[in-house]
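For reference, model17.txt (compact mmCIF, N, CA and C atoms):
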# COMPACT_ATOMS: atom_id res chain seq x y z
N LEU A 1 -44.86 -22.31 -58.03
CA LEU A 1 -44.08 -21.25 -58.65
C LEU A 1 -42.82 -21.81 -59.28
N ILE A 2 -42.27 -21.01 -60.17
CA ILE A 2 -41.04 -21.42 -60.84
C ILE A 2 -39.85 -20.92 -60.04
N ASP A 3 -38.93 -21.82 -59.75
CA ASP A 3 -37.73 -21.42 -59.02
C ASP A 3 -36.75 -20.81 -60.01
N LEU A 4 -36.54 -19.50 -59.90
CA LEU A 4 -35.65 -18.80 -60.82
C LEU A 4 -34.21 -18.78 -60.33
N SER A 5 -33.94 -19.49 -59.27
CA SER A 5 -32.58 -19.48 -58.73
C SER A 5 -31.79 -20.71 -59.16
N ASP A 6 -32.30 -21.41 -60.19
CA ASP A 6 -31.57 -22.58 -60.70
C ASP A 6 -30.17 -22.15 -61.07
N ASN A 7 -29.19 -22.82 -60.52
CA ASN A 7 -27.83 -22.52 -60.95
C ASN A 7 -26.95 -23.74 -60.76
N VAL A 8 -25.90 -23.72 -61.50
CA VAL A 8 -24.92 -24.78 -61.41
C VAL A 8 -23.61 -24.11 -61.04
N PHE A 9 -23.15 -24.35 -59.86
CA PHE A 9 -21.92 -23.74 -59.36
C PHE A 9 -21.97 -22.21 -59.44
N GLY A 10 -23.12 -21.62 -59.06
CA GLY A 10 -23.24 -20.17 -59.00
C GLY A 10 -23.61 -19.50 -60.32
N LYS A 11 -23.80 -20.26 -61.36
CA LYS A 11 -24.15 -19.68 -62.67
C LYS A 11 -25.56 -20.11 -63.05
N ALA A 12 -26.33 -19.16 -63.60
CA ALA A 12 -27.70 -19.47 -64.01
C ALA A 12 -27.67 -20.44 -65.18
N THR A 13 -28.60 -21.39 -65.17
CA THR A 13 -28.68 -22.33 -66.28
C THR A 13 -29.40 -21.67 -67.45
N ALA A 14 -29.28 -22.25 -68.61
CA ALA A 14 -29.93 -21.72 -69.81
C ALA A 14 -31.45 -21.68 -69.61
N MET A 15 -32.01 -22.72 -68.99
CA MET A 15 -33.46 -22.76 -68.77
C MET A 15 -33.89 -21.63 -67.85
N SER A 16 -33.10 -21.35 -66.83
CA SER A 16 -33.40 -20.26 -65.91
C SER A 16 -33.40 -18.92 -66.65
N LEU A 17 -32.42 -18.72 -67.51
CA LEU A 17 -32.34 -17.46 -68.28
C LEU A 17 -33.50 -17.33 -69.26
N ILE A 18 -33.85 -18.40 -69.92
CA ILE A 18 -34.97 -18.38 -70.86
C ILE A 18 -36.27 -18.10 -70.12
N THR A 19 -36.45 -18.75 -68.96
CA THR A 19 -37.66 -18.53 -68.16
C THR A 19 -37.76 -17.07 -67.73
N ARG A 20 -36.66 -16.51 -67.25
CA ARG A 20 -36.66 -15.10 -66.84
C ARG A 20 -37.01 -14.20 -68.02
N PHE A 21 -36.39 -14.47 -69.17
CA PHE A 21 -36.64 -13.66 -70.36
C PHE A 21 -38.13 -13.69 -70.72
N VAL A 22 -38.70 -14.87 -70.76
CA VAL A 22 -40.12 -15.01 -71.12
C VAL A 22 -41.01 -14.32 -70.09
N LEU A 23 -40.76 -14.55 -68.81
CA LEU A 23 -41.60 -13.95 -67.77
C LEU A 23 -41.51 -12.42 -67.76
N TRP A 24 -40.30 -11.87 -67.94
CA TRP A 24 -40.18 -10.41 -67.99
C TRP A 24 -40.93 -9.84 -69.19
N ASN A 25 -40.86 -10.52 -70.32
CA ASN A 25 -41.58 -10.03 -71.51
C ASN A 25 -43.09 -10.10 -71.32
N VAL A 26 -43.57 -11.16 -70.70
CA VAL A 26 -45.00 -11.26 -70.40
C VAL A 26 -45.40 -10.14 -69.44
N TYR A 27 -44.59 -9.92 -68.42
CA TYR A 27 -44.86 -8.85 -67.45
C TYR A 27 -44.94 -7.49 -68.14
N TRP A 28 -43.97 -7.18 -69.00
CA TRP A 28 -43.98 -5.86 -69.66
C TRP A 28 -45.12 -5.74 -70.66
N PHE A 29 -45.51 -6.83 -71.30
CA PHE A 29 -46.66 -6.79 -72.19
C PHE A 29 -47.93 -6.44 -71.41
N VAL A 30 -48.11 -7.10 -70.26
CA VAL A 30 -49.28 -6.83 -69.42
C VAL A 30 -49.24 -5.39 -68.91
N GLN A 31 -48.06 -4.93 -68.49
CA GLN A 31 -47.93 -3.54 -68.03
C GLN A 31 -48.24 -2.56 -69.16
N GLY A 32 -47.81 -2.87 -70.37
CA GLY A 32 -48.11 -2.02 -71.52
C GLY A 32 -49.61 -1.94 -71.77
N CYS A 33 -50.29 -3.08 -71.65
CA CYS A 33 -51.75 -3.09 -71.81
C CYS A 33 -52.42 -2.24 -70.74
N ASN A 34 -51.94 -2.33 -69.50
CA ASN A 34 -52.48 -1.50 -68.42
C ASN A 34 -52.23 -0.02 -68.68
N GLY A 35 -51.04 0.30 -69.18
CA GLY A 35 -50.73 1.69 -69.51
C GLY A 35 -51.65 2.23 -70.58
N VAL A 36 -51.91 1.42 -71.60
CA VAL A 36 -52.84 1.85 -72.67
C VAL A 36 -54.24 2.05 -72.09
N ALA A 37 -54.65 1.17 -71.19
CA ALA A 37 -55.98 1.31 -70.58
C ALA A 37 -56.08 2.63 -69.81
N LEU A 38 -55.04 2.98 -69.07
CA LEU A 38 -55.04 4.26 -68.35
C LEU A 38 -55.05 5.43 -69.33
N TRP A 39 -54.30 5.29 -70.43
CA TRP A 39 -54.28 6.36 -71.43
C TRP A 39 -55.67 6.55 -72.05
N ILE A 40 -56.39 5.47 -72.29
CA ILE A 40 -57.73 5.57 -72.86
C ILE A 40 -58.66 6.33 -71.91
N ILE A 41 -58.56 6.05 -70.62
CA ILE A 41 -59.38 6.79 -69.65
C ILE A 41 -58.98 8.26 -69.66
N ALA A 42 -57.67 8.54 -69.68
CA ALA A 42 -57.20 9.93 -69.72
C ALA A 42 -57.68 10.64 -70.97
N HIS A 43 -57.65 9.95 -72.09
CA HIS A 43 -58.11 10.50 -73.37
C HIS A 43 -59.60 10.86 -73.30
N GLU A 44 -60.38 9.95 -72.75
CA GLU A 44 -61.82 10.22 -72.62
C GLU A 44 -62.09 11.39 -71.68
N CYS A 45 -61.27 11.52 -70.64
CA CYS A 45 -61.41 12.69 -69.75
C CYS A 45 -61.17 13.98 -70.54
N GLY A 46 -60.20 13.96 -71.45
CA GLY A 46 -59.93 15.13 -72.28
C GLY A 46 -61.09 15.50 -73.18
N HIS A 47 -61.87 14.50 -73.56
CA HIS A 47 -63.07 14.75 -74.37
C HIS A 47 -64.30 15.06 -73.51
N GLN A 48 -64.11 15.09 -72.20
CA GLN A 48 -65.19 15.29 -71.23
C GLN A 48 -66.24 14.18 -71.36
N ALA A 49 -65.78 12.96 -71.64
CA ALA A 49 -66.67 11.83 -71.86
C ALA A 49 -66.58 10.77 -70.76
N PHE A 50 -65.69 10.92 -69.81
CA PHE A 50 -65.54 9.93 -68.76
C PHE A 50 -66.61 10.07 -67.69
N SER A 51 -66.92 11.31 -67.34
CA SER A 51 -67.90 11.60 -66.30
C SER A 51 -68.79 12.73 -66.77
N GLN A 52 -69.95 12.85 -66.16
CA GLN A 52 -70.83 13.96 -66.52
C GLN A 52 -70.38 15.26 -65.85
N TYR A 53 -69.43 15.16 -64.93
CA TYR A 53 -68.94 16.34 -64.21
C TYR A 53 -67.58 16.76 -64.74
N ARG A 54 -67.48 18.00 -65.19
CA ARG A 54 -66.23 18.52 -65.74
C ARG A 54 -65.08 18.44 -64.74
N ALA A 55 -65.35 18.73 -63.46
CA ALA A 55 -64.30 18.70 -62.44
C ALA A 55 -63.72 17.29 -62.28
N VAL A 56 -64.58 16.28 -62.36
CA VAL A 56 -64.11 14.89 -62.27
C VAL A 56 -63.25 14.56 -63.48
N ASN A 57 -63.72 14.91 -64.68
CA ASN A 57 -62.94 14.67 -65.90
C ASN A 57 -61.58 15.35 -65.83
N ASP A 58 -61.57 16.62 -65.43
CA ASP A 58 -60.32 17.37 -65.40
C ASP A 58 -59.36 16.85 -64.33
N THR A 59 -59.88 16.46 -63.19
CA THR A 59 -59.02 15.96 -62.11
C THR A 59 -58.40 14.62 -62.48
N ILE A 60 -59.23 13.68 -62.93
CA ILE A 60 -58.72 12.36 -63.31
C ILE A 60 -57.84 12.47 -64.55
N GLY A 61 -58.27 13.28 -65.51
CA GLY A 61 -57.47 13.48 -66.72
C GLY A 61 -56.11 14.07 -66.41
N TRP A 62 -56.07 15.07 -65.53
CA TRP A 62 -54.79 15.70 -65.16
C TRP A 62 -53.89 14.69 -64.47
N PHE A 63 -54.45 13.91 -63.55
CA PHE A 63 -53.65 12.92 -62.81
C PHE A 63 -53.08 11.87 -63.76
N LEU A 64 -53.93 11.29 -64.61
CA LEU A 64 -53.47 10.23 -65.51
C LEU A 64 -52.51 10.76 -66.57
N HIS A 65 -52.76 11.95 -67.10
CA HIS A 65 -51.82 12.54 -68.05
C HIS A 65 -50.47 12.81 -67.38
N SER A 66 -50.50 13.21 -66.12
CA SER A 66 -49.25 13.47 -65.40
C SER A 66 -48.42 12.19 -65.27
N LEU A 67 -49.08 11.05 -65.13
CA LEU A 67 -48.35 9.78 -65.03
C LEU A 67 -47.55 9.48 -66.28
N VAL A 68 -48.05 9.91 -67.44
CA VAL A 68 -47.35 9.66 -68.69
C VAL A 68 -46.65 10.91 -69.23
N LEU A 69 -46.48 11.91 -68.36
CA LEU A 69 -45.71 13.13 -68.65
C LEU A 69 -46.28 13.94 -69.82
N ILE A 70 -47.60 14.04 -69.89
CA ILE A 70 -48.26 14.86 -70.92
C ILE A 70 -49.04 15.95 -70.21
N PRO A 71 -48.84 17.20 -70.61
CA PRO A 71 -49.60 18.29 -69.97
C PRO A 71 -51.08 18.19 -70.33
N TYR A 72 -51.93 17.96 -69.34
CA TYR A 72 -53.34 17.66 -69.61
C TYR A 72 -54.09 18.79 -70.30
N HIS A 73 -54.12 19.98 -69.74
CA HIS A 73 -54.97 21.03 -70.29
C HIS A 73 -54.49 21.49 -71.67
N SER A 74 -53.18 21.61 -71.86
CA SER A 74 -52.73 21.98 -73.19
C SER A 74 -53.02 20.89 -74.21
N TRP A 75 -52.88 19.62 -73.78
CA TRP A 75 -53.22 18.52 -74.68
C TRP A 75 -54.71 18.55 -75.01
N ARG A 76 -55.55 18.79 -74.00
CA ARG A 76 -57.00 18.83 -74.20
C ARG A 76 -57.36 19.89 -75.24
N ILE A 77 -56.75 21.05 -75.13
CA ILE A 77 -57.05 22.15 -76.07
C ILE A 77 -56.55 21.81 -77.48
N SER A 78 -55.29 21.36 -77.59
CA SER A 78 -54.76 21.06 -78.93
C SER A 78 -55.44 19.85 -79.55
N HIS A 79 -55.82 18.87 -78.74
CA HIS A 79 -56.50 17.68 -79.25
C HIS A 79 -57.91 18.04 -79.74
N SER A 80 -58.57 18.95 -79.04
CA SER A 80 -59.89 19.41 -79.48
C SER A 80 -59.78 20.13 -80.82
N THR A 81 -58.75 20.95 -80.97
CA THR A 81 -58.52 21.63 -82.26
C THR A 81 -58.27 20.60 -83.36
N HIS A 82 -57.50 19.56 -83.04
CA HIS A 82 -57.24 18.49 -84.01
C HIS A 82 -58.55 17.85 -84.45
N HIS A 83 -59.45 17.53 -83.52
CA HIS A 83 -60.71 16.89 -83.88
C HIS A 83 -61.60 17.82 -84.71
N LYS A 84 -61.54 19.09 -84.46
CA LYS A 84 -62.34 20.03 -85.25
C LYS A 84 -61.84 20.14 -86.69
N ASN A 85 -60.56 19.79 -86.92
CA ASN A 85 -59.96 19.95 -88.24
C ASN A 85 -59.41 18.67 -88.83
N THR A 86 -59.87 17.52 -88.35
CA THR A 86 -59.36 16.24 -88.86
C THR A 86 -59.61 16.13 -90.36
N ASN A 87 -58.58 15.69 -91.06
CA ASN A 87 -58.58 15.47 -92.51
C ASN A 87 -58.61 16.76 -93.34
N TYR A 88 -58.44 17.91 -92.72
CA TYR A 88 -58.24 19.15 -93.46
C TYR A 88 -56.74 19.37 -93.53
N ILE A 89 -56.15 19.11 -94.68
CA ILE A 89 -54.70 19.10 -94.80
C ILE A 89 -54.06 20.40 -94.31
N GLY A 90 -54.64 21.52 -94.58
CA GLY A 90 -54.04 22.79 -94.17
C GLY A 90 -54.35 23.21 -92.76
N GLN A 91 -55.30 22.53 -92.08
CA GLN A 91 -55.72 22.98 -90.77
C GLN A 91 -55.52 21.97 -89.65
N ASP A 92 -55.37 20.69 -89.95
CA ASP A 92 -55.19 19.68 -88.90
C ASP A 92 -53.90 19.98 -88.15
N THR A 93 -53.97 19.94 -86.83
CA THR A 93 -52.81 20.30 -86.01
C THR A 93 -51.94 19.09 -85.65
N ALA A 94 -52.47 17.88 -85.75
CA ALA A 94 -51.72 16.71 -85.28
C ALA A 94 -50.88 16.06 -86.37
N TYR A 95 -51.41 15.94 -87.56
CA TYR A 95 -50.64 15.30 -88.63
C TYR A 95 -50.83 16.07 -89.92
N VAL A 96 -49.72 16.47 -90.48
CA VAL A 96 -49.74 17.17 -91.76
C VAL A 96 -48.80 16.41 -92.69
N PRO A 97 -49.33 15.78 -93.73
CA PRO A 97 -48.44 15.01 -94.62
C PRO A 97 -47.49 15.93 -95.36
N PRO A 98 -46.29 15.45 -95.65
CA PRO A 98 -45.35 16.30 -96.39
C PRO A 98 -45.89 16.61 -97.78
N GLU A 99 -45.69 17.85 -98.20
CA GLU A 99 -46.20 18.24 -99.52
C GLU A 99 -45.37 17.64 -100.64
N LYS A 100 -44.05 17.60 -100.45
CA LYS A 100 -43.18 17.08 -101.48
C LYS A 100 -41.97 16.44 -100.82
N GLU A 101 -41.69 15.21 -101.19
CA GLU A 101 -40.52 14.53 -100.63
C GLU A 101 -39.32 14.81 -101.51
N SER A 102 -38.17 14.87 -100.89
CA SER A 102 -36.95 15.09 -101.65
C SER A 102 -36.58 13.81 -102.40
N ARG A 103 -35.82 13.97 -103.45
CA ARG A 103 -35.38 12.81 -104.23
C ARG A 103 -34.47 11.91 -103.40
N LEU A 104 -33.68 12.53 -102.53
CA LEU A 104 -32.79 11.74 -101.67
C LEU A 104 -33.60 10.85 -100.75
N LYS A 105 -34.63 11.39 -100.12
CA LYS A 105 -35.44 10.58 -99.22
C LYS A 105 -36.15 9.47 -99.98
N GLU A 106 -36.66 9.78 -101.16
CA GLU A 106 -37.30 8.74 -101.98
C GLU A 106 -36.33 7.61 -102.29
N ALA A 107 -35.06 7.97 -102.53
CA ALA A 107 -34.06 6.97 -102.91
C ALA A 107 -33.66 6.07 -101.74
N ILE A 108 -33.67 6.61 -100.51
CA ILE A 108 -33.15 5.82 -99.39
C ILE A 108 -34.21 5.37 -98.40
N GLU A 109 -35.48 5.77 -98.57
CA GLU A 109 -36.49 5.50 -97.54
C GLU A 109 -36.78 4.03 -97.29
N ASP A 110 -36.46 3.15 -98.23
CA ASP A 110 -36.69 1.72 -98.03
C ASP A 110 -35.43 0.96 -97.65
N ALA A 111 -34.32 1.68 -97.51
CA ALA A 111 -33.06 1.03 -97.12
C ALA A 111 -33.12 0.62 -95.65
N PRO A 112 -32.71 -0.60 -95.34
CA PRO A 112 -32.79 -1.08 -93.95
C PRO A 112 -32.09 -0.17 -92.94
N LEU A 113 -30.92 0.37 -93.29
CA LEU A 113 -30.20 1.24 -92.36
C LEU A 113 -30.99 2.51 -92.07
N PHE A 114 -31.63 3.08 -93.09
CA PHE A 114 -32.45 4.29 -92.91
C PHE A 114 -33.66 3.98 -92.03
N ILE A 115 -34.30 2.85 -92.25
CA ILE A 115 -35.46 2.46 -91.46
C ILE A 115 -35.06 2.26 -89.99
N ILE A 116 -33.93 1.61 -89.76
CA ILE A 116 -33.45 1.42 -88.39
C ILE A 116 -33.17 2.76 -87.73
N ALA A 117 -32.53 3.68 -88.46
CA ALA A 117 -32.24 5.01 -87.91
C ALA A 117 -33.53 5.74 -87.56
N GLN A 118 -34.54 5.65 -88.41
CA GLN A 118 -35.83 6.29 -88.11
C GLN A 118 -36.47 5.69 -86.86
N LEU A 119 -36.44 4.37 -86.73
CA LEU A 119 -37.01 3.71 -85.56
C LEU A 119 -36.28 4.10 -84.28
N VAL A 120 -34.95 4.14 -84.33
CA VAL A 120 -34.18 4.52 -83.15
C VAL A 120 -34.51 5.96 -82.76
N PHE A 121 -34.53 6.86 -83.74
CA PHE A 121 -34.85 8.27 -83.44
C PHE A 121 -36.25 8.39 -82.85
N ALA A 122 -37.22 7.71 -83.46
CA ALA A 122 -38.61 7.80 -82.98
C ALA A 122 -38.73 7.30 -81.54
N HIS A 123 -38.04 6.23 -81.20
CA HIS A 123 -38.16 5.67 -79.85
C HIS A 123 -37.36 6.45 -78.80
N ILE A 124 -36.28 7.09 -79.22
CA ILE A 124 -35.46 7.83 -78.26
C ILE A 124 -35.94 9.27 -78.11
N ALA A 125 -36.21 9.94 -79.23
CA ALA A 125 -36.50 11.38 -79.16
C ALA A 125 -37.85 11.76 -79.77
N GLY A 126 -38.57 10.82 -80.34
CA GLY A 126 -39.80 11.15 -81.06
C GLY A 126 -40.87 11.81 -80.21
N TRP A 127 -41.15 11.25 -79.04
CA TRP A 127 -42.21 11.80 -78.18
C TRP A 127 -41.85 13.21 -77.71
N PHE A 128 -40.58 13.39 -77.31
CA PHE A 128 -40.11 14.71 -76.90
C PHE A 128 -40.25 15.71 -78.05
N CYS A 129 -39.81 15.33 -79.24
CA CYS A 129 -39.88 16.24 -80.40
C CYS A 129 -41.32 16.57 -80.76
N TYR A 130 -42.23 15.61 -80.62
CA TYR A 130 -43.64 15.86 -80.91
C TYR A 130 -44.23 16.85 -79.90
N LEU A 131 -43.98 16.62 -78.62
CA LEU A 131 -44.56 17.48 -77.59
C LEU A 131 -43.93 18.87 -77.54
N VAL A 132 -42.62 18.94 -77.58
CA VAL A 132 -41.93 20.21 -77.36
C VAL A 132 -41.68 20.98 -78.65
N LEU A 133 -41.36 20.29 -79.73
CA LEU A 133 -40.99 20.96 -80.98
C LEU A 133 -42.08 20.91 -82.05
N ASN A 134 -43.21 20.27 -81.75
CA ASN A 134 -44.33 20.15 -82.69
C ASN A 134 -43.94 19.46 -83.99
N MET A 135 -43.02 18.49 -83.89
CA MET A 135 -42.62 17.75 -85.07
C MET A 135 -43.81 16.98 -85.62
N THR A 136 -43.98 16.90 -86.88
CA THR A 136 -45.07 16.29 -87.64
C THR A 136 -46.36 17.09 -87.53
N GLY A 137 -46.34 18.18 -86.81
CA GLY A 137 -47.55 19.00 -86.68
C GLY A 137 -47.60 20.12 -87.71
N LYS A 138 -48.64 20.90 -87.61
CA LYS A 138 -48.87 22.02 -88.53
C LYS A 138 -47.78 23.08 -88.36
N ASN A 139 -47.35 23.66 -89.47
CA ASN A 139 -46.38 24.75 -89.44
C ASN A 139 -47.12 26.06 -89.23
N TYR A 140 -46.89 26.68 -88.09
CA TYR A 140 -47.56 27.94 -87.76
C TYR A 140 -46.71 29.15 -88.14
N GLY A 141 -45.51 28.92 -88.66
CA GLY A 141 -44.63 30.02 -88.97
C GLY A 141 -43.96 30.60 -87.73
N ARG A 142 -44.09 29.91 -86.62
CA ARG A 142 -43.49 30.32 -85.35
C ARG A 142 -43.26 29.06 -84.52
N ARG A 143 -42.62 29.23 -83.38
CA ARG A 143 -42.40 28.09 -82.50
C ARG A 143 -43.75 27.62 -81.95
N ALA A 144 -43.98 26.32 -81.95
CA ALA A 144 -45.22 25.76 -81.41
C ALA A 144 -44.87 24.60 -80.49
N SER A 145 -45.68 24.39 -79.47
CA SER A 145 -45.42 23.34 -78.49
C SER A 145 -46.73 22.92 -77.85
N HIS A 146 -46.82 21.66 -77.46
CA HIS A 146 -48.01 21.19 -76.74
C HIS A 146 -48.11 21.80 -75.34
N PHE A 147 -46.99 22.35 -74.87
CA PHE A 147 -47.00 22.97 -73.56
C PHE A 147 -47.55 24.40 -73.62
N GLU A 148 -47.67 24.96 -74.84
CA GLU A 148 -48.23 26.29 -75.04
C GLU A 148 -49.24 26.22 -76.21
N PRO A 149 -50.46 25.81 -75.94
CA PRO A 149 -51.41 25.56 -77.04
C PRO A 149 -52.13 26.81 -77.53
N SER A 150 -51.42 27.89 -77.76
CA SER A 150 -52.08 29.13 -78.18
C SER A 150 -52.56 29.07 -79.61

Please render this file's structure as C-alpha cells.
Amino acid sequence: LIDLSDNVFGKATAMSLITRFVLWNVYWFVQGCNGVALWIIAHECGHQAFSQYRAVNDTIGWFLHSLVLIPYHSWRISHSTHHKNTNYIGQDTAYVPPEKESRLKEAIEDAPLFIIAQLVFAHIAGWFCYLVLNMTGKNYGRRASHFEPS
C-alpha cells in the first residue's frame, strides 16, 4: 500500500498531496460508475424490464430511485409518457426545444463567462429545477412537477 502519511516536519509532501488527489479522483470515478450502474437498474425497473414480476420491479425501482432522490412512481409515469411521445415537438414531456431564441442569447451564448454561468447553474440547481419546476419540459400552461405527474 501507499503510505499517505509522508510528511516533513508535520507537513505533507508534494508527492503525498498528488497521490491523494489522484487516488480520490479514481475513487470518485469508480463510485460514479457504480452510481450509473444502479441508475440503469432503476431505469429498467421503471420500464418493467428488470424482472417479470411487477412487484419486484416496483420495489427495487422505488428503493434505487430513493437513493438518488427521485420519486419512483411519478418518474415512471412521466417517463412512460415521454417514451410514448419521443420526438413529437409539441407532445414530448422531457425535452422541448426552444421555438425562438432571443437576439441577446444568440449574441452571448458562446461567451466563456456565459458558458461558465450555465454550467454552475446546471450543477447547483439544474436537477432541482428539472424535478420540481419542470424546467426544459413541456409547457402545460400550469405548474408542473415530477412529484405530481398528472

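One distance worth recording is that between CA of Tyr72 (chain A) and CA of Gly46 (chain A), which is 7.5 Å.
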
inquiry  = Could you list, as a list in words, every residue within 12 Å of Arg143 (chain A), counting only C-alpha atoms and ignoring same-chain residues fewer than 4 positions away?
reply    = Leu131, Val132, Leu133, Asn134, Met135, Gly137, Lys138, Asn139, Phe147, Glu148, Pro149 and Ser150 of chain A

Limited to N, CA and C atoms, could you put the picked residues into a file as a compact mmCIF listing (two decimals), in the frame of the given file?
# COMPACT_ATOMS: atom_id res chain seq x y z
N LEU A 131 -43.98 16.62 -78.62
CA LEU A 131 -44.56 17.48 -77.59
C LEU A 131 -43.93 18.87 -77.54
N VAL A 132 -42.62 18.94 -77.58
CA VAL A 132 -41.93 20.21 -77.36
C VAL A 132 -41.68 20.98 -78.65
N LEU A 133 -41.36 20.29 -79.73
CA LEU A 133 -40.99 20.96 -80.98
C LEU A 133 -42.08 20.91 -82.05
N ASN A 134 -43.21 20.27 -81.75
CA ASN A 134 -44.33 20.15 -82.69
C ASN A 134 -43.94 19.46 -83.99
N MET A 135 -43.02 18.49 -83.89
CA MET A 135 -42.62 17.75 -85.07
C MET A 135 -43.81 16.98 -85.62
N GLY A 137 -46.34 18.18 -86.81
CA GLY A 137 -47.55 19.00 -86.68
C GLY A 137 -47.60 20.12 -87.71
N LYS A 138 -48.64 20.90 -87.61
CA LYS A 138 -48.87 22.02 -88.53
C LYS A 138 -47.78 23.08 -88.36
N ASN A 139 -47.35 23.66 -89.47
CA ASN A 139 -46.38 24.75 -89.44
C ASN A 139 -47.12 26.06 -89.23
N PHE A 147 -46.99 22.35 -74.87
CA PHE A 147 -47.00 22.97 -73.56
C PHE A 147 -47.55 24.40 -73.62
N GLU A 148 -47.67 24.96 -74.84
CA GLU A 148 -48.23 26.29 -75.04
C GLU A 148 -49.24 26.22 -76.21
N PRO A 149 -50.46 25.81 -75.94
CA PRO A 149 -51.41 25.56 -77.04
C PRO A 149 -52.13 26.81 -77.53
N SER A 150 -51.42 27.89 -77.76
CA SER A 150 -52.08 29.13 -78.18
C SER A 150 -52.56 29.07 -79.61

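By chain and then residue number, the residues within 7 Å of region 26-42 of chain A are Phe21, Val22, Leu23, Cys45, Gly46, His47, Phe50, Ile60, Gly61, Trp62, Leu64 and His65 of chain A, counting all atoms listed in the file and disregarding those fewer than 3 positions away in sequence.
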
ask   = Please, what distance in Å, to one decimal, runs between atom N of Leu104 (chain A) and CA of Ala144 (chain A)?
value =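 So the answer is 27.5 Å.
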
task = Pick out the residues sitting within 8 Å of region 92-97 of chain A, and hand them over as an MDAnalysis selection string; count only N, CA and C atoms, and ignore anything fewer than 2 positions along from it in its own chain.
result = chainID A and resid 78:79 81:90 99:100 135:139

ask   = Could you work out how far atom C of Ser145 (chain A) lies from atom N of Phe63 (chain A), giving the answer in Å with one decimal?
value =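 Here the two named atoms are 18.6 Å from each other.
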
Could you model N, CA, C and O atoms for region 92-105 of chain A and present them as a PDB file, keeping the file's coordinate frame?
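Below you can see result.pdb, which holds the result:
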ATOM      1  N   ASP A  92     -55.370  20.690 -89.950  1.00  0.00           N
ATOM      2  CA  ASP A  92     -55.190  19.680 -88.900  1.00  0.00           C
ATOM      3  C   ASP A  92     -53.900  19.980 -88.150  1.00  0.00           C
ATOM      4  O   ASP A  92     -52.862  20.254 -88.745  1.00  0.00           O
ATOM      5  N   THR A  93     -53.970  19.940 -86.830  1.00  0.00           N
ATOM      6  CA  THR A  93     -52.810  20.300 -86.010  1.00  0.00           C
ATOM      7  C   THR A  93     -51.940  19.090 -85.650  1.00  0.00           C
ATOM      8  O   THR A  93     -50.800  19.263 -85.261  1.00  0.00           O
ATOM      9  N   ALA A  94     -52.470  17.880 -85.750  1.00  0.00           N
ATOM     10  CA  ALA A  94     -51.720  16.710 -85.280  1.00  0.00           C
ATOM     11  C   ALA A  94     -50.880  16.060 -86.370  1.00  0.00           C
ATOM     12  O   ALA A  94     -49.757  15.660 -86.128  1.00  0.00           O
ATOM     13  N   TYR A  95     -51.410  15.940 -87.560  1.00  0.00           N
ATOM     14  CA  TYR A  95     -50.640  15.300 -88.630  1.00  0.00           C
ATOM     15  C   TYR A  95     -50.830  16.070 -89.920  1.00  0.00           C
ATOM     16  O   TYR A  95     -51.954  16.278 -90.374  1.00  0.00           O
ATOM     17  N   VAL A  96     -49.720  16.470 -90.480  1.00  0.00           N
ATOM     18  CA  VAL A  96     -49.740  17.170 -91.760  1.00  0.00           C
ATOM     19  C   VAL A  96     -48.800  16.410 -92.690  1.00  0.00           C
ATOM     20  O   VAL A  96     -47.588  16.374 -92.446  1.00  0.00           O
ATOM     21  N   PRO A  97     -49.330  15.780 -93.730  1.00  0.00           N
ATOM     22  CA  PRO A  97     -48.440  15.010 -94.620  1.00  0.00           C
ATOM     23  C   PRO A  97     -47.490  15.930 -95.360  1.00  0.00           C
ATOM     24  O   PRO A  97     -47.835  17.086 -95.650  1.00  0.00           O
ATOM     25  N   PRO A  98     -46.290  15.450 -95.650  1.00  0.00           N
ATOM     26  CA  PRO A  98     -45.350  16.300 -96.390  1.00  0.00           C
ATOM     27  C   PRO A  98     -45.890  16.610 -97.780  1.00  0.00           C
ATOM     28  O   PRO A  98     -46.480  15.743 -98.431  1.00  0.00           O
ATOM     29  N   GLU A  99     -45.690  17.850 -98.200  1.00  0.00           N
ATOM     30  CA  GLU A  99     -46.200  18.240 -99.520  1.00  0.00           C
ATOM     31  C   GLU A  99     -45.370  17.640-100.640  1.00  0.00           C
ATOM     32  O   GLU A  99     -45.877  17.248-101.665  1.00  0.00           O
ATOM     33  N   LYS A 100     -44.050  17.600-100.450  1.00  0.00           N
ATOM     34  CA  LYS A 100     -43.180  17.080-101.480  1.00  0.00           C
ATOM     35  C   LYS A 100     -41.970  16.440-100.820  1.00  0.00           C
ATOM     36  O   LYS A 100     -41.334  17.053 -99.973  1.00  0.00           O
ATOM     37  N   GLU A 101     -41.690  15.210-101.190  1.00  0.00           N
ATOM     38  CA  GLU A 101     -40.520  14.530-100.630  1.00  0.00           C
ATOM     39  C   GLU A 101     -39.320  14.810-101.510  1.00  0.00           C
ATOM     40  O   GLU A 101     -39.429  14.936-102.726  1.00  0.00           O
ATOM     41  N   SER A 102     -38.170  14.870-100.890  1.00  0.00           N
ATOM     42  CA  SER A 102     -36.950  15.090-101.650  1.00  0.00           C
ATOM     43  C   SER A 102     -36.580  13.810-102.400  1.00  0.00           C
ATOM     44  O   SER A 102     -36.972  12.715-102.021  1.00  0.00           O
ATOM     45  N   ARG A 103     -35.820  13.970-103.450  1.00  0.00           N
ATOM     46  CA  ARG A 103     -35.380  12.810-104.230  1.00  0.00           C
ATOM     47  C   ARG A 103     -34.470  11.910-103.400  1.00  0.00           C
ATOM     48  O   ARG A 103     -34.515  10.693-103.531  1.00  0.00           O
ATOM     49  N   LEU A 104     -33.680  12.530-102.530  1.00  0.00           N
ATOM     50  CA  LEU A 104     -32.790  11.740-101.670  1.00  0.00           C
ATOM     51  C   LEU A 104     -33.600  10.850-100.750  1.00  0.00           C
ATOM     52  O   LEU A 104     -33.319   9.652-100.626  1.00  0.00           O
ATOM     53  N   LYS A 105     -34.630  11.390-100.120  1.00  0.00           N
ATOM     54  CA  LYS A 105     -35.440  10.580 -99.220  1.00  0.00           C
ATOM     55  C   LYS A 105     -36.150   9.470 -99.980  1.00  0.00           C
ATOM     56  O   LYS A 105     -36.242   8.345 -99.500  1.00  0.00           O
TER      57      LYS A 105
END
